[in-house]
Amino acid sequence: MNKIFSILLIMFIVAFPAYARHIAGGEIFYEYLGPGAAGTSVYKITLRLFRDCQSTGAQLDPTANIGIYDKLNNAAVGGSPFSVSLDHIEVIQKSGTISCIINAPIVCYQVGFYFINVTLPDNEWGYWISYQRCCRVDNITNLAVPVGTGATYLGSIAGSKDIGSGHNSSPQFFVRDTALVCQNRNFTLDFGATDPDGDLLTYQFCEAYDGGSTGSPVVVNPPPPPYTDVPYGSSYSASSPLGSGVTINPANGIISGLAPSAGSYVIAVCVNEWRNGHIINTHRKDFILKVGDCDFVAARLPISATYCDDFNTFFENLTPSSLIYSWHWDFGVKGITSDTSNLATPTYIYPDSGIYLVKLVVNPGDPCTDSSTMRLGVFPGFFPNFVSTGICINKPTQFTDATTTVYGIVNAWRWDFGEPTVSDDSSRLQNPVYTYPTTGIKTVQLIVQSSKGCIDTLNKDVTIIDKPLITLPFRDTLICNLDTLMIPASGTGVFSWTPNYNILFANTPNPAVYPKLTTWYKVDLDDNGCKNKDSVRVRVINNVSLSVRSDTSFCKGDGVQLNAVTDGLQFSWTPDIRLSSSVIINPIANPPVTTTYQLKSSVGKCFATDNVTVFVIPYPFVNSGPDVTICYNTPVQLNGVVNASSFYWRPQGSLNNPNILSPIARPPFTTKYILTATDTLGCPKPGYDTVLVTVLPKIKAFAGRDTAVVAGQSLQLNASSGETFLWSPSLGLNHINISNPITILNGNPDSIRYKVLISDIGGCLDSATLLVKVFKTNPQIFVPTGFTPNGDGLNDVLKPIGVGIDRIEYFRVYNRWGQLIFSTSINGAGWDGKISGKNQTTATFVWLVKAVDFTGKSVFKKGTATLIR
């Protein structure tokens, strides 16, 4: 049942009801009919135009204006433009019923043919054939201007510079213009052609041209090129007219990939004719592909394929569909029945190499089923590779195929040498030679094929330079007259060294020289006629000069840099005691005791020695004493010891005398005191030592706020900011050495001031007091009769003052209209004279307060208070 599943239709866009907007595709091609009069040839020129049968736009024109121009100067030939009559119209359509498909479109096109025979003088460059008309159909998806775009169809007749004394006719595209492409479906469209002359054909997407205008749709005298490309939209271009998911095979013209979203797309395909290794002419066809919003059941496999990686082969249906719900694969291994799968995309490991007939059936047993077969060759072990020699501009570069294959033989090659400035940088030889006209990195591509059908592609970069690279290890060096020197150069080609003086291996990259006098050795490198040269100076000495620095001293631990003046190249210091390096000319020496160092400076077998003594002098002795901790705002005596002629303490601001060893310090905060000492015993640098005086934080003793109680009421005191506590007097207290004792007073005396002595972890002391007034009354709540909220800190808040009160249940303030303006249940909180943040003017307010005394009884009072501004 291949009645629908091998269908792939090109649908040209439906013309919209606007006059002249009807063109759905076209091409111009020619046929060589034979010689004319002396020095002329006769050609049959055909213009083929397409129009959708469903279009309500203009009909095909009864005549077409065709221009012919000499390619050399774009001069019109005699009689151009030619008015060519419409010869006939053919209707091509998809006949029959298309079952098992969703949204099957109507496929029908009118194809108009215009013929003219012309006699043209034979010339070197050939001729252009041009036809222009506006407009293409509307709403073309891949154009930035989808409406009102015109069309130019261009033909090309090859000249003698390309075809020599021979003749040529255009390739003929296969007419397969009734195929269907569904959106978001894999498709394959054969856009191949045949060539009547047997020329090799290659294919590529190319530019579609604009032409004409909506104001003048019929172009009476179509001009020669160049032309303006149609305005491709974002994500589309001439080389990618259907987006990045669709490509054209350059070898056979098959367009394939994942179709874009439903819509109409303008596409131009150019077919290049190759003869004797170069392109002789290019023919183009311009068409509008309509991608339908359709879906169908189809099984499609390649007609044939070869798998050359390994035996583990992956399979998939090239036209998946939401209508397909089951699959049956037979992998074609004879003699067994287990070579099947019901997966959509199976893998199968073949037992051996060979040719297998693979079959896929989708929806087996269903009325909407389909099947496809392919001839699969399994020949793993095919690895493309090549090597090249010769890297110079304008010199031959030899390319050698290094492809290996386990099965069959390598039998076809296609090289692209990656030279962007020319178009004929290709070859089909196995081991070609190419001469590059420019320098730079060239990406060489090799497409290689085996007799078993394996095809693979390799891209490799080749760097072309103006001369071969010579890499030298040095350009100037020094040797002893007793030595032999190796010069290890590198490069590609043949090396030659001169002069022939005390030299071995002069025709290699790595000569050995042993001159007795300073000599320039020159090297020539020849890479297949590409040459370069360079040189090395070898200086020769009979002995090594050496002068080490004079003896020196340094403060112990600081180190000192050694150095020398010498023409030596290798160095060795001994003894290797506390040296940063023993093999450099200027190491840092830091010996613990006075030491004499010897330097040996060498050039090969020549050497010299010299000595330097480094005297080690200790820093002045300084001891600033042990660290100490003191209480806040208390003095401490520092005790320093030095072995020096002078000394001082820093910082000095909190010392009574910074120039004595035992000053008195009174730092306001933790401070590091640095004792600095200098002497005249040899080390000019000062010695240092530091003592840390830690100042404990100031004790912020707090015994609590003054308060009032009634006789017999218990009161808990609360002191803070310390580790130990001592209360006095002890009258009424249950404890005197805790932070929160409880006192009960009977009113005799009527007030008492408690004092608490607080110490911290360092033994530092501070004290605080608390006044307790004792009322010999019942528990009471006092509220002032007036307050002055002016911010002076005195009587700014209207609040209740409780005596013998355990808690306030509420304190409320009302204005003269009975509105509640303040309420709190927090003892000590009150009203600040503001309503919603706004100060109130002088007035009288009513207050209510309810509380619970220390015995648990309720206390209620009310009254008035005056706010005074």
# chains A, B, ... in the order shown; residues from 1 in each chain; ligands from 1
>>> closest_atom_pairs(of="range 682-735 of chain A", to="range 778-790 of chain A", cutoff="9 Å", atoms="only C-alpha atoms", output="tab-separated table")
residue	atom	partner	partner_atom	distance
A:Val709	CA	A:Pro779	CA	8.1
A:Val710	CA	A:Pro779	CA	6.3
A:Ala711	CA	A:Asn778	CA	8.4
>>> residues_around(residues="Ser550 in chain A", least_positions_apart="3", cutoff="12 Å", atoms="only C-alpha atoms", output="short mmCIF file (atom, residue, chain, number, x, y, z; two decimals) with all heavy atoms, in the first residue's frame")
data_model
loop_
_atom_site.label_atom_id
_atom_site.label_comp_id
_atom_site.auth_asym_id
_atom_site.auth_seq_id
_atom_site.Cartn_x
_atom_site.Cartn_y
_atom_site.Cartn_z
N SER A 547 83.68 38.30 38.88
CA SER A 547 83.93 39.17 40.02
C SER A 547 82.69 39.18 40.90
O SER A 547 81.64 39.72 40.52
CB SER A 547 84.26 40.60 39.55
OG SER A 547 84.44 41.45 40.67
N SER A 553 77.46 42.59 55.38
CA SER A 553 76.81 42.17 56.62
C SER A 553 75.32 42.46 56.51
O SER A 553 74.89 43.30 55.71
CB SER A 553 77.41 42.92 57.82
OG SER A 553 77.21 44.32 57.70
N GLN A 561 71.13 39.95 49.23
CA GLN A 561 71.24 39.43 47.87
C GLN A 561 72.70 39.37 47.44
O GLN A 561 73.43 40.36 47.54
CB GLN A 561 70.46 40.30 46.88
CG GLN A 561 70.41 39.70 45.48
CD GLN A 561 69.40 40.38 44.59
OE1 GLN A 561 69.35 41.60 44.54
NE2 GLN A 561 68.59 39.60 43.89
N LEU A 562 73.10 38.18 46.96
CA LEU A 562 74.43 38.01 46.38
C LEU A 562 74.36 38.30 44.88
O LEU A 562 73.31 38.11 44.26
CB LEU A 562 74.92 36.58 46.61
CG LEU A 562 74.88 36.07 48.06
CD1 LEU A 562 75.44 34.66 48.14
CD2 LEU A 562 75.63 37.01 49.00
N ASN A 563 75.46 38.73 44.29
CA ASN A 563 75.50 38.95 42.85
C ASN A 563 76.94 38.93 42.38
O ASN A 563 77.88 38.95 43.21
CB ASN A 563 74.81 40.24 42.45
CG ASN A 563 75.38 41.45 43.19
OD1 ASN A 563 76.53 41.81 42.98
ND2 ASN A 563 74.56 42.07 44.05
N ALA A 564 77.12 38.92 41.07
CA ALA A 564 78.46 38.87 40.48
C ALA A 564 78.39 39.43 39.08
O ALA A 564 77.32 39.49 38.44
CB ALA A 564 78.98 37.43 40.46
N VAL A 565 79.55 39.84 38.57
CA VAL A 565 79.70 40.25 37.17
C VAL A 565 80.51 39.17 36.48
O VAL A 565 81.64 38.89 36.88
CB VAL A 565 80.39 41.62 37.07
CG1 VAL A 565 80.59 41.99 35.60
CG2 VAL A 565 79.58 42.69 37.80
N THR A 596 80.91 32.04 54.49
CA THR A 596 81.62 32.40 53.25
C THR A 596 81.07 31.52 52.13
O THR A 596 81.11 30.29 52.21
CB THR A 596 83.12 32.19 53.40
OG1 THR A 596 83.62 33.07 54.42
CG2 THR A 596 83.84 32.51 52.09
N TYR A 597 80.52 32.19 51.06
CA TYR A 597 79.97 31.48 49.92
C TYR A 597 80.95 31.57 48.75
O TYR A 597 81.59 32.61 48.53
CB TYR A 597 78.63 32.10 49.49
CG TYR A 597 77.52 31.90 50.48
CD1 TYR A 597 77.19 32.88 51.41
CD2 TYR A 597 76.80 30.71 50.49
CE1 TYR A 597 76.15 32.71 52.30
CE2 TYR A 597 75.76 30.51 51.39
CZ TYR A 597 75.44 31.51 52.29
OH TYR A 597 74.43 31.32 53.19
N ASP A 610 85.02 32.49 42.77
CA ASP A 610 85.28 33.65 43.61
C ASP A 610 84.44 33.50 44.87
O ASP A 610 83.42 32.79 44.87
CB ASP A 610 84.96 34.94 42.87
CG ASP A 610 85.63 36.16 43.51
OD1 ASP A 610 86.38 35.98 44.49
OD2 ASP A 610 85.41 37.28 43.02
N ASN A 611 84.88 34.22 45.99
CA ASN A 611 84.22 34.06 47.28
C ASN A 611 83.66 35.38 47.78
O ASN A 611 84.15 36.47 47.42
CB ASN A 611 85.20 33.52 48.34
CG ASN A 611 85.73 32.15 47.97
OD1 ASN A 611 85.07 31.39 47.28
ND2 ASN A 611 86.93 31.84 48.44
N VAL A 612 82.66 35.29 48.67
CA VAL A 612 82.11 36.43 49.38
C VAL A 612 81.72 35.96 50.78
O VAL A 612 81.16 34.86 50.94
CB VAL A 612 80.90 37.04 48.64
CG1 VAL A 612 79.79 36.03 48.48
CG2 VAL A 612 80.37 38.27 49.41
N THR A 613 82.07 36.78 51.81
CA THR A 613 81.71 36.45 53.19
C THR A 613 80.54 37.31 53.62
O THR A 613 80.53 38.53 53.44
CB THR A 613 82.88 36.67 54.15
OG1 THR A 613 83.96 35.81 53.75
CG2 THR A 613 82.50 36.36 55.59
N VAL A 614 79.53 36.67 54.22
CA VAL A 614 78.33 37.33 54.70
C VAL A 614 78.35 37.28 56.22
O VAL A 614 78.30 36.20 56.81
CB VAL A 614 77.07 36.66 54.14
CG1 VAL A 614 75.83 37.33 54.72
CG2 VAL A 614 77.05 36.71 52.62
N PHE A 615 78.46 38.48 56.84
CA PHE A 615 78.49 38.58 58.30
C PHE A 615 77.07 38.76 58.82
O PHE A 615 76.33 39.64 58.36
CB PHE A 615 79.37 39.76 58.73
CG PHE A 615 80.81 39.60 58.33
CD1 PHE A 615 81.29 40.13 57.13
CD2 PHE A 615 81.70 38.90 59.15
CE1 PHE A 615 82.62 39.98 56.77
CE2 PHE A 615 83.04 38.76 58.78
CZ PHE A 615 83.50 39.29 57.59
#
>>> closest_residue(among="A:Glu723, A:Asp832, A:Asp293, A:Asp370", to="Asn103 in chain A", atoms="only C-alpha atoms")
A:Asp293
>>> atom_distance(atom1="CA of Thr552 in chain A", atom2="CA of Pro618 in chain A")
14.2 Å
>>> select_by_dssp(residues="range 160-226 of chain A", states="strand (DSSP E)", output="ChimeraX atom specification")
/A:172-173,181-182,186-190,193-194,200-205
>>> write_last_selection(atoms="C-alpha atoms", output="compact mmCIF listing (two decimals), in the first residue's frame")
# COMPACT_ATOMS: atom_id res chain seq x y z
CA GLN A 172 16.31 19.60 -17.31
CA PHE A 173 14.73 19.52 -13.82
CA VAL A 181 4.84 18.55 2.28
CA CYS A 182 3.22 18.60 5.73
CA ASN A 186 10.35 14.92 7.81
CA PHE A 187 10.21 15.03 4.05
CA THR A 188 12.38 14.31 1.03
CA LEU A 189 11.87 16.13 -2.27
CA ASP A 190 13.79 15.01 -5.33
CA ALA A 193 17.89 17.09 -13.03
CA THR A 194 19.29 15.36 -16.10
CA LEU A 200 28.32 16.34 -13.88
CA LEU A 201 25.66 18.24 -11.91
CA THR A 202 25.82 19.72 -8.41
CA TYR A 203 23.02 21.52 -6.59
CA GLN A 204 22.61 24.35 -4.10
CA PHE A 205 20.01 26.76 -2.80
>>> atom_distance(atom1="CA of Phe702 in chain A", atom2="CA of Asn633 in chain A")
18.7 Å
>>> closest_residue(among="A:Arg666, A:Arg428, A:Lys452, A:His88", to="Gly377 in chain A", atoms="only C-alpha atoms")
A:Lys452
>>> residues_around(residues="Arg539 in chain A", least_positions_apart="6", cutoff="9 Å", atoms="only C-alpha atoms", output="VMD selection string")
chain A and resid 476 to 480 515 517 to 520
>>> decode(residues="range 131-142 of chain A", atoms="N, CA, C and O atoms", output="short mmCIF file (atom, residue, chain, number, x, y, z; two decimals), in the first residue's frame")
data_model
loop_
_atom_site.label_atom_id
_atom_site.label_comp_id
_atom_site.auth_asym_id
_atom_site.auth_seq_id
_atom_site.Cartn_x
_atom_site.Cartn_y
_atom_site.Cartn_z
N TYR A 131 13.59 37.31 -17.95
CA TYR A 131 12.15 37.58 -17.98
C TYR A 131 11.76 38.10 -16.60
O TYR A 131 12.16 37.54 -15.57
N GLN A 132 10.96 39.19 -16.55
CA GLN A 132 10.50 39.77 -15.28
C GLN A 132 8.99 39.98 -15.32
O GLN A 132 8.42 40.33 -16.36
N ARG A 133 8.36 39.80 -14.14
CA ARG A 133 6.91 40.00 -14.02
C ARG A 133 6.57 40.22 -12.57
O ARG A 133 7.16 39.63 -11.67
N CYS A 134 5.67 41.08 -12.29
CA CYS A 134 5.11 41.27 -10.95
C CYS A 134 3.64 40.89 -11.01
O CYS A 134 2.95 41.24 -11.97
N CYS A 135 3.13 40.12 -10.08
CA CYS A 135 3.82 39.89 -8.80
C CYS A 135 3.69 38.43 -8.41
O CYS A 135 2.85 37.69 -8.94
N ARG A 136 4.52 38.05 -7.47
CA ARG A 136 4.35 36.73 -6.88
C ARG A 136 3.07 36.69 -6.06
O ARG A 136 2.50 37.73 -5.73
N VAL A 137 2.63 35.49 -5.70
CA VAL A 137 1.44 35.35 -4.87
C VAL A 137 1.66 36.04 -3.53
O VAL A 137 2.79 36.24 -3.09
N ASP A 138 0.60 36.42 -2.87
CA ASP A 138 0.67 37.11 -1.59
C ASP A 138 0.99 36.15 -0.44
O ASP A 138 0.90 34.93 -0.57
N ASN A 139 1.37 36.78 0.69
CA ASN A 139 1.55 36.07 1.97
C ASN A 139 2.60 34.96 1.88
O ASN A 139 2.37 33.81 2.25
N ILE A 140 3.79 35.35 1.40
CA ILE A 140 4.92 34.41 1.36
C ILE A 140 5.61 34.45 2.72
O ILE A 140 6.09 35.49 3.17
N THR A 141 5.67 33.31 3.38
CA THR A 141 6.06 33.23 4.79
C THR A 141 7.50 33.65 5.03
O THR A 141 7.81 34.28 6.04
N ASN A 142 8.41 33.29 4.14
CA ASN A 142 9.84 33.52 4.42
C ASN A 142 10.35 34.85 3.86
O ASN A 142 11.56 35.05 3.77
#
